[in-house]
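Q: mmCIF, C-alpha atoms and all ligand atoms; chains and numbers go by the auth columns, file structure-v9.cif:
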data_query
loop_
_atom_site.group_PDB
_atom_site.id
_atom_site.type_symbol
_atom_site.label_atom_id
_atom_site.label_comp_id
_atom_site.label_asym_id
_atom_site.label_seq_id
_atom_site.Cartn_x
_atom_site.Cartn_y
_atom_site.Cartn_z
_atom_site.B_iso_or_equiv
_atom_site.auth_seq_id
_atom_site.auth_asym_id
ATOM 1 C CA MET A 1 118.197 -18.698 27.294 0.00 1 A
ATOM 2 C CA SER A 2 119.291 -22.072 28.499 0.00 2 A
ATOM 3 C CA LEU A 3 120.228 -23.919 31.652 0.00 3 A
ATOM 4 C CA PRO A 4 123.948 -22.933 31.629 0.00 4 A
ATOM 5 C CA ASP A 5 123.015 -19.260 31.086 0.00 5 A
ATOM 6 C CA ILE A 6 120.620 -19.256 34.014 0.00 6 A
ATOM 7 C CA ILE A 7 123.131 -21.036 36.263 0.00 7 A
ATOM 8 C CA ALA A 8 125.741 -18.410 35.339 0.00 8 A
ATOM 9 C CA ARG A 9 123.334 -15.543 36.011 0.00 9 A
ATOM 10 C CA ILE A 10 122.451 -17.022 39.416 0.00 10 A
ATOM 11 C CA ALA A 11 126.152 -17.309 40.298 0.00 11 A
ATOM 12 C CA GLN A 12 126.686 -13.682 39.283 0.00 12 A
ATOM 13 C CA ALA A 13 123.672 -12.535 41.317 0.00 13 A
ATOM 14 C CA GLU A 14 124.968 -14.428 44.367 0.00 14 A
ATOM 15 C CA LYS A 15 128.333 -12.738 43.927 0.00 15 A
ATOM 16 C CA ASP A 16 126.804 -9.274 43.463 0.00 16 A
ATOM 17 C CA ALA A 17 124.775 -9.760 46.642 0.00 17 A
ATOM 18 C CA GLY A 18 127.838 -10.903 48.586 0.00 18 A
ATOM 19 C CA ARG A 19 126.247 -14.286 49.137 0.00 19 A
ATOM 20 C CA PRO A 20 128.075 -17.638 49.089 0.00 20 A
ATOM 21 C CA GLN A 21 128.188 -19.482 45.764 0.00 21 A
ATOM 22 C CA GLY A 22 125.588 -22.227 45.748 0.00 22 A
ATOM 23 C CA SER A 23 123.316 -20.625 48.332 0.00 23 A
ATOM 24 C CA VAL A 24 120.454 -20.369 45.827 0.00 24 A
ATOM 25 C CA HIS A 25 118.611 -23.472 44.623 0.00 25 A
ATOM 26 C CA LEU A 26 117.402 -23.388 41.045 0.00 26 A
ATOM 27 C CA ILE A 27 113.988 -25.004 40.626 0.00 27 A
ATOM 28 C CA ALA A 28 113.534 -25.636 36.903 0.00 28 A
ATOM 29 C CA VAL A 29 109.787 -25.224 36.371 0.00 29 A
ATOM 30 C CA SER A 30 108.853 -27.923 33.876 0.00 30 A
ATOM 31 C CA LYS A 31 105.055 -27.574 33.922 0.00 31 A
ATOM 32 C CA VAL A 32 103.442 -28.020 30.494 0.00 32 A
ATOM 33 C CA GLN A 33 106.831 -28.493 28.816 0.00 33 A
ATOM 34 C CA PRO A 34 107.201 -31.401 26.404 0.00 34 A
ATOM 35 C CA ASN A 35 109.068 -34.361 27.855 0.00 35 A
ATOM 36 C CA GLU A 36 111.957 -33.970 25.377 0.00 36 A
ATOM 37 C CA ARG A 37 112.768 -30.558 26.808 0.00 37 A
ATOM 38 C CA VAL A 38 112.623 -31.876 30.369 0.00 38 A
ATOM 39 C CA ARG A 39 114.803 -34.825 29.426 0.00 39 A
ATOM 40 C CA ALA A 40 117.357 -32.505 27.820 0.00 40 A
ATOM 41 C CA VAL A 41 117.708 -30.578 31.086 0.00 41 A
ATOM 42 C CA LEU A 42 117.986 -33.831 33.076 0.00 42 A
ATOM 43 C CA GLU A 43 120.709 -34.994 30.678 0.00 43 A
ATOM 44 C CA GLN A 44 122.631 -31.800 31.383 0.00 44 A
ATOM 45 C CA GLY A 45 122.772 -32.978 34.991 0.00 45 A
ATOM 46 C CA HIS A 46 120.110 -30.788 36.571 0.00 46 A
ATOM 47 C CA ARG A 47 117.954 -32.550 39.169 0.00 47 A
ATOM 48 C CA CYS A 48 115.733 -29.947 40.855 0.00 48 A
ATOM 49 C CA PHE A 49 112.359 -29.379 39.162 0.00 49 A
ATOM 50 C CA GLY A 50 109.027 -27.708 39.868 0.00 50 A
ATOM 51 C CA GLU A 51 105.514 -28.634 38.796 0.00 51 A
ATOM 52 C CA ASN A 52 102.289 -26.786 39.518 0.00 52 A
ATOM 53 C CA LYS A 53 99.810 -29.670 39.202 0.00 53 A
ATOM 54 C CA VAL A 54 99.799 -32.940 41.119 0.00 54 A
ATOM 55 C CA GLN A 55 98.211 -34.863 38.261 0.00 55 A
ATOM 56 C CA GLU A 56 100.680 -33.656 35.668 0.00 56 A
ATOM 57 C CA ALA A 57 103.622 -34.462 37.941 0.00 57 A
ATOM 58 C CA ALA A 58 102.225 -37.951 38.614 0.00 58 A
ATOM 59 C CA GLY A 59 102.146 -38.572 34.879 0.00 59 A
ATOM 60 C CA LYS A 60 105.803 -37.914 34.138 0.00 60 A
ATOM 61 C CA TRP A 61 108.010 -37.869 37.229 0.00 61 A
ATOM 62 C CA PRO A 62 107.863 -41.463 38.507 0.00 62 A
ATOM 63 C CA ASP A 63 109.457 -42.613 35.212 0.00 63 A
ATOM 64 C CA PHE A 64 112.026 -39.798 35.142 0.00 64 A
ATOM 65 C CA ARG A 65 112.947 -40.600 38.761 0.00 65 A
ATOM 66 C CA GLN A 66 113.654 -44.217 37.780 0.00 66 A
ATOM 67 C CA GLU A 67 115.883 -43.130 34.967 0.00 67 A
ATOM 68 C CA PHE A 68 117.623 -40.183 36.661 0.00 68 A
ATOM 69 C CA PRO A 69 118.471 -40.837 40.309 0.00 69 A
ATOM 70 C CA GLY A 70 118.525 -37.884 42.659 0.00 70 A
ATOM 71 C CA VAL A 71 115.550 -35.944 41.303 0.00 71 A
ATOM 72 C CA ASP A 72 114.333 -33.275 43.758 0.00 72 A
ATOM 73 C CA LEU A 73 110.717 -32.419 42.901 0.00 73 A
ATOM 74 C CA HIS A 74 108.889 -29.323 44.162 0.00 74 A
ATOM 75 C CA LEU A 75 105.157 -28.569 44.046 0.00 75 A
ATOM 76 C CA ILE A 76 104.731 -24.859 43.323 0.00 76 A
ATOM 77 C CA GLY A 77 101.007 -24.774 42.465 0.00 77 A
ATOM 78 C CA PRO A 78 97.884 -24.946 44.623 0.00 78 A
ATOM 79 C CA LEU A 79 97.233 -28.173 46.528 0.00 79 A
ATOM 80 C CA GLN A 80 93.663 -29.421 47.002 0.00 80 A
ATOM 81 C CA SER A 81 93.163 -31.185 50.301 0.00 81 A
ATOM 82 C CA ASN A 82 91.950 -34.377 48.593 0.00 82 A
ATOM 83 C CA LYS A 83 95.295 -34.648 46.742 0.00 83 A
ATOM 84 C CA THR A 84 97.421 -34.249 49.861 0.00 84 A
ATOM 85 C CA ARG A 85 98.398 -37.898 50.220 0.00 85 A
ATOM 86 C CA GLN A 86 99.348 -38.184 46.581 0.00 86 A
ATOM 87 C CA ALA A 87 101.424 -35.001 46.850 0.00 87 A
ATOM 88 C CA VAL A 88 103.226 -36.279 49.945 0.00 88 A
ATOM 89 C CA GLY A 89 104.181 -39.379 47.967 0.00 89 A
ATOM 90 C CA LEU A 90 105.355 -37.499 44.880 0.00 90 A
ATOM 91 C CA PHE A 91 107.109 -34.351 46.038 0.00 91 A
ATOM 92 C CA ASP A 92 110.220 -33.538 48.057 0.00 92 A
ATOM 93 C CA ALA A 93 108.941 -30.051 48.826 0.00 93 A
ATOM 94 C CA ILE A 94 105.597 -28.236 48.758 0.00 94 A
ATOM 95 C CA HIS A 95 105.676 -24.431 48.372 0.00 95 A
ATOM 96 C CA THR A 96 101.950 -23.759 48.644 0.00 96 A
ATOM 97 C CA LEU A 97 100.897 -24.465 52.205 0.00 97 A
ATOM 98 C CA ASP A 98 98.276 -21.752 52.663 0.00 98 A
ATOM 99 C CA ARG A 99 95.499 -22.792 55.043 0.00 99 A
ATOM 100 C CA PRO A 100 94.862 -24.552 58.356 0.00 100 A
ATOM 101 C CA LYS A 101 92.876 -27.390 56.779 0.00 101 A
ATOM 102 C CA LEU A 102 95.822 -28.297 54.569 0.00 102 A
ATOM 103 C CA ALA A 103 98.237 -28.036 57.499 0.00 103 A
ATOM 104 C CA THR A 104 96.118 -30.460 59.528 0.00 104 A
ATOM 105 C CA ALA A 105 95.848 -32.894 56.613 0.00 105 A
ATOM 106 C CA LEU A 106 99.613 -32.766 56.021 0.00 106 A
ATOM 107 C CA ALA A 107 100.339 -33.399 59.696 0.00 107 A
ATOM 108 C CA ARG A 108 98.052 -36.413 59.802 0.00 108 A
ATOM 109 C CA ILE A 109 99.321 -37.909 56.548 0.00 109 A
ATOM 110 C CA ALA A 110 102.968 -37.262 57.444 0.00 110 A
ATOM 111 C CA GLN A 111 102.393 -39.204 60.651 0.00 111 A
ATOM 112 C CA GLU A 112 100.784 -42.100 58.793 0.00 112 A
ATOM 113 C CA GLU A 113 103.334 -42.226 55.988 0.00 113 A
ATOM 114 C CA GLY A 114 106.356 -41.551 58.175 0.00 114 A
ATOM 115 C CA ARG A 115 107.578 -38.810 55.846 0.00 115 A
ATOM 116 C CA CYS A 116 106.809 -35.209 55.026 0.00 116 A
ATOM 117 C CA PRO A 117 108.075 -33.007 52.197 0.00 117 A
ATOM 118 C CA ASP A 118 109.813 -29.756 53.148 0.00 118 A
ATOM 119 C CA LEU A 119 107.182 -27.044 53.385 0.00 119 A
ATOM 120 C CA PHE A 120 106.986 -23.406 52.384 0.00 120 A
ATOM 121 C CA ILE A 121 104.053 -21.236 53.400 0.00 121 A
ATOM 122 C CA GLN A 122 102.654 -19.189 50.523 0.00 122 A
ATOM 123 C CA VAL A 123 102.002 -15.569 51.440 0.00 123 A
ATOM 124 C CA ASN A 124 99.690 -13.379 49.363 0.00 124 A
ATOM 125 C CA THR A 125 101.972 -10.360 49.697 0.00 125 A
ATOM 126 C CA GLY A 126 99.899 -8.322 47.232 0.00 126 A
ATOM 127 C CA GLU A 127 96.653 -9.161 49.086 0.00 127 A
ATOM 128 C CA GLU A 128 95.069 -10.068 45.754 0.00 128 A
ATOM 129 C CA PRO A 129 91.586 -11.578 46.173 0.00 129 A
ATOM 130 C CA GLN A 130 92.008 -14.117 43.354 0.00 130 A
ATOM 131 C CA LYS A 131 95.400 -15.348 44.533 0.00 131 A
ATOM 132 C CA ALA A 132 96.220 -18.136 46.976 0.00 132 A
ATOM 133 C CA GLY A 133 98.297 -17.601 50.080 0.00 133 A
ATOM 134 C CA VAL A 134 97.837 -16.393 53.629 0.00 134 A
ATOM 135 C CA MET A 135 97.461 -12.663 54.132 0.00 135 A
ATOM 136 C CA PRO A 136 100.547 -10.903 55.501 0.00 136 A
ATOM 137 C CA ALA A 137 98.686 -9.982 58.703 0.00 137 A
ATOM 138 C CA ASP A 138 97.852 -13.655 59.352 0.00 138 A
ATOM 139 C CA THR A 139 101.241 -15.082 58.509 0.00 139 A
ATOM 140 C CA ASP A 140 102.933 -15.096 61.926 0.00 140 A
ATOM 141 C CA LYS A 141 99.977 -16.877 63.500 0.00 141 A
ATOM 142 C CA PHE A 142 99.806 -19.452 60.710 0.00 142 A
ATOM 143 C CA VAL A 143 103.544 -20.171 60.906 0.00 143 A
ATOM 144 C CA ALA A 144 103.152 -20.792 64.646 0.00 144 A
ATOM 145 C CA GLU A 145 100.191 -23.120 64.034 0.00 145 A
ATOM 146 C CA CYS A 146 102.152 -25.152 61.500 0.00 146 A
ATOM 147 C CA LEU A 147 105.182 -25.429 63.756 0.00 147 A
ATOM 148 C CA ALA A 148 102.925 -26.514 66.631 0.00 148 A
ATOM 149 C CA LEU A 149 101.789 -29.382 64.379 0.00 149 A
ATOM 150 C CA ASP A 150 105.487 -30.360 64.002 0.00 150 A
ATOM 151 C CA LEU A 151 105.399 -29.659 60.280 0.00 151 A
ATOM 152 C CA PRO A 152 108.822 -29.141 58.636 0.00 152 A
ATOM 153 C CA VAL A 153 108.267 -25.507 57.622 0.00 153 A
ATOM 154 C CA LYS A 154 111.439 -24.303 55.894 0.00 154 A
ATOM 155 C CA GLY A 155 110.376 -20.895 54.689 0.00 155 A
ATOM 156 C CA LEU A 156 107.940 -18.602 52.909 0.00 156 A
ATOM 157 C CA MET A 157 106.961 -18.298 49.256 0.00 157 A
ATOM 158 C CA CYS A 158 105.330 -15.520 47.234 0.00 158 A
ATOM 159 C CA ILE A 159 104.170 -14.703 43.707 0.00 159 A
ATOM 160 C CA PRO A 160 104.107 -10.891 43.404 0.00 160 A
ATOM 161 C CA PRO A 161 101.308 -9.130 41.506 0.00 161 A
ATOM 162 C CA VAL A 162 102.182 -8.941 37.812 0.00 162 A
ATOM 163 C CA ASP A 163 101.854 -5.164 37.625 0.00 163 A
ATOM 164 C CA GLU A 164 103.959 -4.188 40.631 0.00 164 A
ATOM 165 C CA GLU A 165 107.682 -3.943 41.296 0.00 165 A
ATOM 166 C CA PRO A 166 108.480 -7.404 42.673 0.00 166 A
ATOM 167 C CA SER A 167 111.316 -6.168 44.886 0.00 167 A
ATOM 168 C CA LEU A 168 108.856 -4.617 47.332 0.00 168 A
ATOM 169 C CA HIS A 169 107.190 -8.008 47.728 0.00 169 A
ATOM 170 C CA PHE A 170 110.488 -9.861 48.008 0.00 170 A
ATOM 171 C CA ALA A 171 111.630 -7.482 50.741 0.00 171 A
ATOM 172 C CA LEU A 172 108.353 -7.893 52.630 0.00 172 A
ATOM 173 C CA LEU A 173 108.573 -11.690 52.403 0.00 173 A
ATOM 174 C CA ALA A 174 112.190 -11.651 53.627 0.00 174 A
ATOM 175 C CA LYS A 175 111.205 -9.528 56.605 0.00 175 A
ATOM 176 C CA MET A 176 108.341 -11.849 57.541 0.00 176 A
ATOM 177 C CA ALA A 177 110.552 -14.939 57.255 0.00 177 A
ATOM 178 C CA ALA A 178 113.279 -13.379 59.401 0.00 178 A
ATOM 179 C CA ARG A 179 110.941 -12.412 62.202 0.00 179 A
ATOM 180 C CA ASN A 180 109.567 -15.968 62.246 0.00 180 A
ATOM 181 C CA GLY A 181 113.012 -17.547 62.332 0.00 181 A
ATOM 182 C CA LEU A 182 112.620 -19.139 58.883 0.00 182 A
ATOM 183 C CA SER A 183 115.633 -19.282 56.575 0.00 183 A
ATOM 184 C CA GLY A 184 113.968 -20.381 53.319 0.00 184 A
ATOM 185 C CA LEU A 185 112.692 -17.866 50.763 0.00 185 A
ATOM 186 C CA SER A 186 111.015 -19.193 47.611 0.00 186 A
ATOM 187 C CA MET A 187 110.771 -16.168 45.339 0.00 187 A
ATOM 188 C CA GLY A 188 111.848 -15.037 41.892 0.00 188 A
ATOM 189 C CA MET A 189 110.850 -16.308 38.432 0.00 189 A
ATOM 190 C CA SER A 190 112.236 -15.907 34.896 0.00 190 A
ATOM 191 C CA GLY A 191 111.751 -12.147 34.820 0.00 191 A
ATOM 192 C CA ASP A 192 112.954 -11.213 38.279 0.00 192 A
ATOM 193 C CA PHE A 193 115.112 -13.927 39.866 0.00 193 A
ATOM 194 C CA GLU A 194 118.193 -11.692 40.126 0.00 194 A
ATOM 195 C CA ARG A 195 116.224 -9.112 42.110 0.00 195 A
ATOM 196 C CA ALA A 196 114.939 -11.941 44.334 0.00 196 A
ATOM 197 C CA ILE A 197 118.488 -13.193 44.958 0.00 197 A
ATOM 198 C CA ALA A 198 119.581 -9.665 45.902 0.00 198 A
ATOM 199 C CA LEU A 199 116.866 -9.733 48.559 0.00 199 A
ATOM 200 C CA GLY A 200 117.719 -13.173 49.938 0.00 200 A
ATOM 201 C CA ALA A 201 115.936 -15.807 47.822 0.00 201 A
ATOM 202 C CA THR A 202 117.091 -19.332 48.633 0.00 202 A
ATOM 203 C CA HIS A 203 114.884 -20.976 45.967 0.00 203 A
ATOM 204 C CA VAL A 204 114.173 -19.384 42.595 0.00 204 A
ATOM 205 C CA ARG A 205 111.500 -20.896 40.338 0.00 205 A
ATOM 206 C CA VAL A 206 112.517 -20.446 36.717 0.00 206 A
ATOM 207 C CA GLY A 207 110.530 -21.932 33.842 0.00 207 A
ATOM 208 C CA SER A 208 110.404 -20.205 30.475 0.00 208 A
ATOM 209 C CA ALA A 209 113.945 -18.781 30.668 0.00 209 A
ATOM 210 C CA ILE A 210 115.283 -22.351 30.787 0.00 210 A
ATOM 211 C CA PHE A 211 112.844 -24.315 28.660 0.00 211 A
ATOM 212 C CA GLY A 212 111.491 -21.660 26.330 0.00 212 A
ATOM 213 C CA GLU A 213 107.917 -20.444 26.181 0.00 213 A
ATOM 214 C CA ARG A 214 105.326 -22.891 27.415 0.00 214 A
ATOM 215 C CA VAL A 215 103.505 -24.315 24.420 0.00 215 A
ATOM 216 C CA PRO A 216 100.041 -25.690 25.197 0.00 216 A
ATOM 217 C CA ALA A 217 99.845 -29.373 24.291 0.00 217 A
HETATM 218 C C1 LIG B . 105.009 -21.108 36.191 0.00 1 B
HETATM 219 C C2 LIG B . 105.533 -20.672 37.509 0.00 1 B
HETATM 220 C C3 LIG B . 106.855 -20.203 37.641 0.00 1 B
HETATM 221 C C4 LIG B . 107.818 -20.060 36.484 0.00 1 B
HETATM 222 O O1 LIG B . 107.450 -19.009 35.670 0.00 1 B
HETATM 223 P P1 LIG B . 108.426 -18.465 34.512 0.00 1 B
HETATM 224 O O2 LIG B . 107.997 -17.072 34.327 0.00 1 B
HETATM 225 O O3 LIG B . 108.203 -19.339 33.341 0.00 1 B
HETATM 226 O O4 LIG B . 109.812 -18.555 35.032 0.00 1 B
HETATM 227 C C5 LIG B . 107.277 -19.862 38.903 0.00 1 B
HETATM 228 N N1 LIG B . 106.469 -19.965 39.987 0.00 1 B
HETATM 229 C C6 LIG B . 105.206 -20.413 39.892 0.00 1 B
HETATM 230 C C7 LIG B . 104.374 -20.506 41.119 0.00 1 B
HETATM 231 C C8 LIG B . 104.691 -20.769 38.655 0.00 1 B
HETATM 232 O O5 LIG B . 103.422 -21.203 38.574 0.00 1 B
#
As structure tokens, what does this structure read like?
A:
Amino acid sequence: MSLPDIIARIAQAEKDAGRPQGSVHLIAVSKVQPNERVRAVLEQGHRCFGENKVQEAAGKWPDFRQEFPGVDLHLIGPLQSNKTRQAVGLFDAIHTLDRPKLATALARIAQEEGRCPDLFIQVNTGEEPQKAGVMPADTDKFVAECLALDLPVKGLMCIPPVDEEPSLHFALLAKMAARNGLSGLSMGMSGDFERAIALGATHVRVGSAIFGERVPA
């Protein structure tokens, strides 16, 4: 697989779903990938990337941003409260807003810094104890709390359980977003992004299908 292949498959999935071309944003998930692979994708003109760790992103993206104007960087991994300010400075979007304490910290820091990344609320659609995200039953209330803090909540995000059909989770997430008046849906990875697009994904997070398998450093 490669970037052009994935872009073509996204275009086909948009078409199959009767959705406008370009309605799905491709977040190229570059976590753990060697810098040469990331650079190769930047040189092909792609600008939207995802990282799952603040520290790792801080180590490589300030330099890439200098060299490649227009980078759009998304945090797709858990955010510790004590890294909130650093994340606000580094990222254009955060997909893992999942608790009131983090919402309050983001609101305060956004006020102080005069900027806030776009936010997605992570929902634990599979209700898995080890996984981050608000429970489905608590989602409407948490969305309302975040909006009351004036946070720029754009949508919902989920990571389905590995052993279940992801479409059920994508459909549930789409339903929850719609009833909360949110248009953004961050869902779909290398193995299931076409199914996510069929169910309304606006942001797909694709790593290994673009860059190849992640090789530990
Ligand atoms: C790593 C990761 C991805 C990308 O996974 P692939 O299977 O390599 O496409 C997507 N979303 C999140 C939250 C991730 O951590």
Q: For ligand LIG 1 (chain B), collect every residue having any atom at a distance of at most 9 Å from a ligand atom (counting only C-alpha atoms and all ligand atoms); output as a PyMOL selection string.
A: chain A and resi 27-31+50-52+75-78+95-96+157-159+186-193+204-214
Q: With distances taken over all atoms listed in the file, which residue among A:Asp5, A:Glu56, A:Asp138, A:Glu36 lies nearest Arg99 of chain A?
A: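 Of A:Asp5, A:Glu56, A:Asp138, A:Glu36, the one nearest Arg99 of chain A, counting all atoms listed in the file, is A:Asp138.
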Q: Could you tell me how far atom CA of Val215 of chain A lies from atom CA of Gln33 of chain A, in Å and to one decimal?
A: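 Spanning atom CA of Val215 of chain A to atom CA of Gln33 of chain A is a straight-line distance of 6.9 Å.
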Q: Please report, as a tab-separated table, each residue of segment 124-170 of chain A lying at most 8 Å from segment 101-115 of chain A, together with the nearest pair of atoms and the separation in Å rounded to one decimal; use only C-alpha atoms, and order rows by chain and ascending residue number.
A:
residue	atom	partner	partner_atom	distance
A:Cys146	CA	A:Ala103	CA	6.3
A:Leu149	CA	A:Ala107	CA	6.3
A:Asp150	CA	A:Ala107	CA	7.4
A:Leu151	CA	A:Ala107	CA	6.3
Q: Any idea what the distance is between atom CA of Leu90 of chain A and atom CA of Asp72 of chain A?
A: 10.0 Å
Q: In Å, with one decimal, what is the gap from atom CA of Pro136 of chain A to atom CA of Phe170 of chain A?
A: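 For atom CA of Pro136 of chain A relative to atom CA of Phe170 of chain A, the distance reads 12.5 Å.
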Q: Decode the PyMOL selection byres (((chain A and resi 119) around 7) and not hetatm) for the given file into explicit residues and return them as a list in words.
A: Ala93, Ile94, His95, Leu97, Pro117, Asp118, Phe120, Ile121, Pro152, Val153 and Lys154 of chain A
Q: Taking 4 positions as the minimum chain separation for residues in the same chain, which residues sit within 10 Å of Lys131 of chain A when counting all atoms listed in the file? Answer as a PyMOL selection string.
A: chain A and resi 78+123-127+159-161
Q: Name the closest residue to His203 of chain A among the candidates A:Lys60, A:His74, A:Arg65, A:Lys83; distances are taken between atoms, counting all atoms listed in the file.
A: A:His74
Q: Apply the PyMOL selection byres (((chain A and resi 71) around 8) and not hetatm) to the file shown and report the selected residues as a list in words.
A: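 Written out, the selection comes to Arg47, Cys48, Phe49, Arg65, Phe68, Pro69, Gly70, Asp72 and Leu73 of chain A.
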Q: Out of A:Pro166, A:Gly133, A:Pro20, A:Pro100, which residue has the shortest atom-to-atom distance to Ala148 of chain A when counting all atoms listed in the file?
A: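 Nearest to Ala148 of chain A: A:Pro100.
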Q: Between A:Gln21, A:Ser2, A:Gln80, A:Gln66, which residue has the minimum interatomic distance to Ala132 of chain A, considering only C-alpha atoms?
A: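 Looking only at the distances to Ala132 of chain A, the closest residue turns out to be A:Gln80.
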Q: Using the chain letters and numbers from this file, what does the PyMOL selection byres (((chain A and resi 16) around 12) and not hetatm) select? Give the answer as a ChimeraX atom specification.
A: /A:9-15,17-21,194-195,197-200
Q: Can I get the selected residues back with C-alpha atoms, as a PDB file, keeping the file's coordinate frame?
A:
ATOM      1  CA  ARG A   9     123.334 -15.543  36.011  1.00  0.00           C
ATOM      2  CA  ILE A  10     122.451 -17.022  39.416  1.00  0.00           C
ATOM      3  CA  ALA A  11     126.152 -17.309  40.298  1.00  0.00           C
ATOM      4  CA  GLN A  12     126.686 -13.682  39.283  1.00  0.00           C
ATOM      5  CA  ALA A  13     123.672 -12.535  41.317  1.00  0.00           C
ATOM      6  CA  GLU A  14     124.968 -14.428  44.367  1.00  0.00           C
ATOM      7  CA  LYS A  15     128.333 -12.738  43.927  1.00  0.00           C
ATOM      8  CA  ALA A  17     124.775  -9.760  46.642  1.00  0.00           C
ATOM      9  CA  GLY A  18     127.838 -10.903  48.586  1.00  0.00           C
ATOM     10  CA  ARG A  19     126.247 -14.286  49.137  1.00  0.00           C
ATOM     11  CA  PRO A  20     128.075 -17.638  49.089  1.00  0.00           C
ATOM     12  CA  GLN A  21     128.188 -19.482  45.764  1.00  0.00           C
ATOM     13  CA  GLU A 194     118.193 -11.692  40.126  1.00  0.00           C
ATOM     14  CA  ARG A 195     116.224  -9.112  42.110  1.00  0.00           C
ATOM     15  CA  ILE A 197     118.488 -13.193  44.958  1.00  0.00           C
ATOM     16  CA  ALA A 198     119.581  -9.665  45.902  1.00  0.00           C
ATOM     17  CA  LEU A 199     116.866  -9.733  48.559  1.00  0.00           C
ATOM     18  CA  GLY A 200     117.719 -13.173  49.938  1.00  0.00           C
TER      19      GLY A 200
END
Q: Write segment 46-59 of chain A as a PDB file, keeping the file's coordinate frame, completed to N, CA and C atoms.
A:
ATOM      1  N   HIS A  46     120.942 -31.488  35.587  1.00  0.00           N
ATOM      2  CA  HIS A  46     120.110 -30.788  36.571  1.00  0.00           C
ATOM      3  C   HIS A  46     119.102 -31.766  37.186  1.00  0.00           C
ATOM      4  N   ARG A  47     118.835 -31.591  38.498  1.00  0.00           N
ATOM      5  CA  ARG A  47     117.954 -32.550  39.169  1.00  0.00           C
ATOM      6  C   ARG A  47     116.785 -31.908  39.927  1.00  0.00           C
ATOM      7  N   CYS A  48     116.772 -30.597  40.051  1.00  0.00           N
ATOM      8  CA  CYS A  48     115.733 -29.947  40.855  1.00  0.00           C
ATOM      9  C   CYS A  48     114.675 -29.326  39.936  1.00  0.00           C
ATOM     10  N   PHE A  49     113.432 -29.799  40.063  1.00  0.00           N
ATOM     11  CA  PHE A  49     112.359 -29.379  39.162  1.00  0.00           C
ATOM     12  C   PHE A  49     111.116 -28.953  39.928  1.00  0.00           C
ATOM     13  N   GLY A  50     110.280 -28.146  39.269  1.00  0.00           N
ATOM     14  CA  GLY A  50     109.027 -27.708  39.868  1.00  0.00           C
ATOM     15  C   GLY A  50     107.859 -27.987  38.947  1.00  0.00           C
ATOM     16  N   GLU A  51     106.756 -28.411  39.540  1.00  0.00           N
ATOM     17  CA  GLU A  51     105.514 -28.634  38.796  1.00  0.00           C
ATOM     18  C   GLU A  51     104.400 -27.923  39.547  1.00  0.00           C
ATOM     19  N   ASN A  52     103.360 -27.482  38.808  1.00  0.00           N
ATOM     20  CA  ASN A  52     102.289 -26.786  39.518  1.00  0.00           C
ATOM     21  C   ASN A  52     101.015 -27.618  39.646  1.00  0.00           C
ATOM     22  N   LYS A  53     101.003 -28.824  39.064  1.00  0.00           N
ATOM     23  CA  LYS A  53      99.810 -29.670  39.202  1.00  0.00           C
ATOM     24  C   LYS A  53     100.206 -31.085  39.612  1.00  0.00           C
ATOM     25  N   VAL A  54      99.512 -31.603  40.601  1.00  0.00           N
ATOM     26  CA  VAL A  54      99.799 -32.940  41.119  1.00  0.00           C
ATOM     27  C   VAL A  54      99.631 -33.981  40.012  1.00  0.00           C
ATOM     28  N   GLN A  55      98.517 -33.870  39.286  1.00  0.00           N
ATOM     29  CA  GLN A  55      98.211 -34.863  38.261  1.00  0.00           C
ATOM     30  C   GLN A  55      99.266 -34.912  37.165  1.00  0.00           C
ATOM     31  N   GLU A  56      99.672 -33.729  36.722  1.00  0.00           N
ATOM     32  CA  GLU A  56     100.680 -33.656  35.668  1.00  0.00           C
ATOM     33  C   GLU A  56     102.010 -34.243  36.150  1.00  0.00           C
ATOM     34  N   ALA A  57     102.363 -33.937  37.384  1.00  0.00           N
ATOM     35  CA  ALA A  57     103.622 -34.462  37.941  1.00  0.00           C
ATOM     36  C   ALA A  57     103.566 -35.979  38.049  1.00  0.00           C
ATOM     37  N   ALA A  58     102.388 -36.497  38.447  1.00  0.00           N
ATOM     38  CA  ALA A  58     102.225 -37.951  38.614  1.00  0.00           C
ATOM     39  C   ALA A  58     102.379 -38.659  37.274  1.00  0.00           C
ATOM     40  N   GLY A  59     102.063 -37.968  36.193  1.00  0.00           N
ATOM     41  CA  GLY A  59     102.146 -38.572  34.879  1.00  0.00           C
ATOM     42  C   GLY A  59     103.555 -38.694  34.341  1.00  0.00           C
TER      43      GLY A  59
END
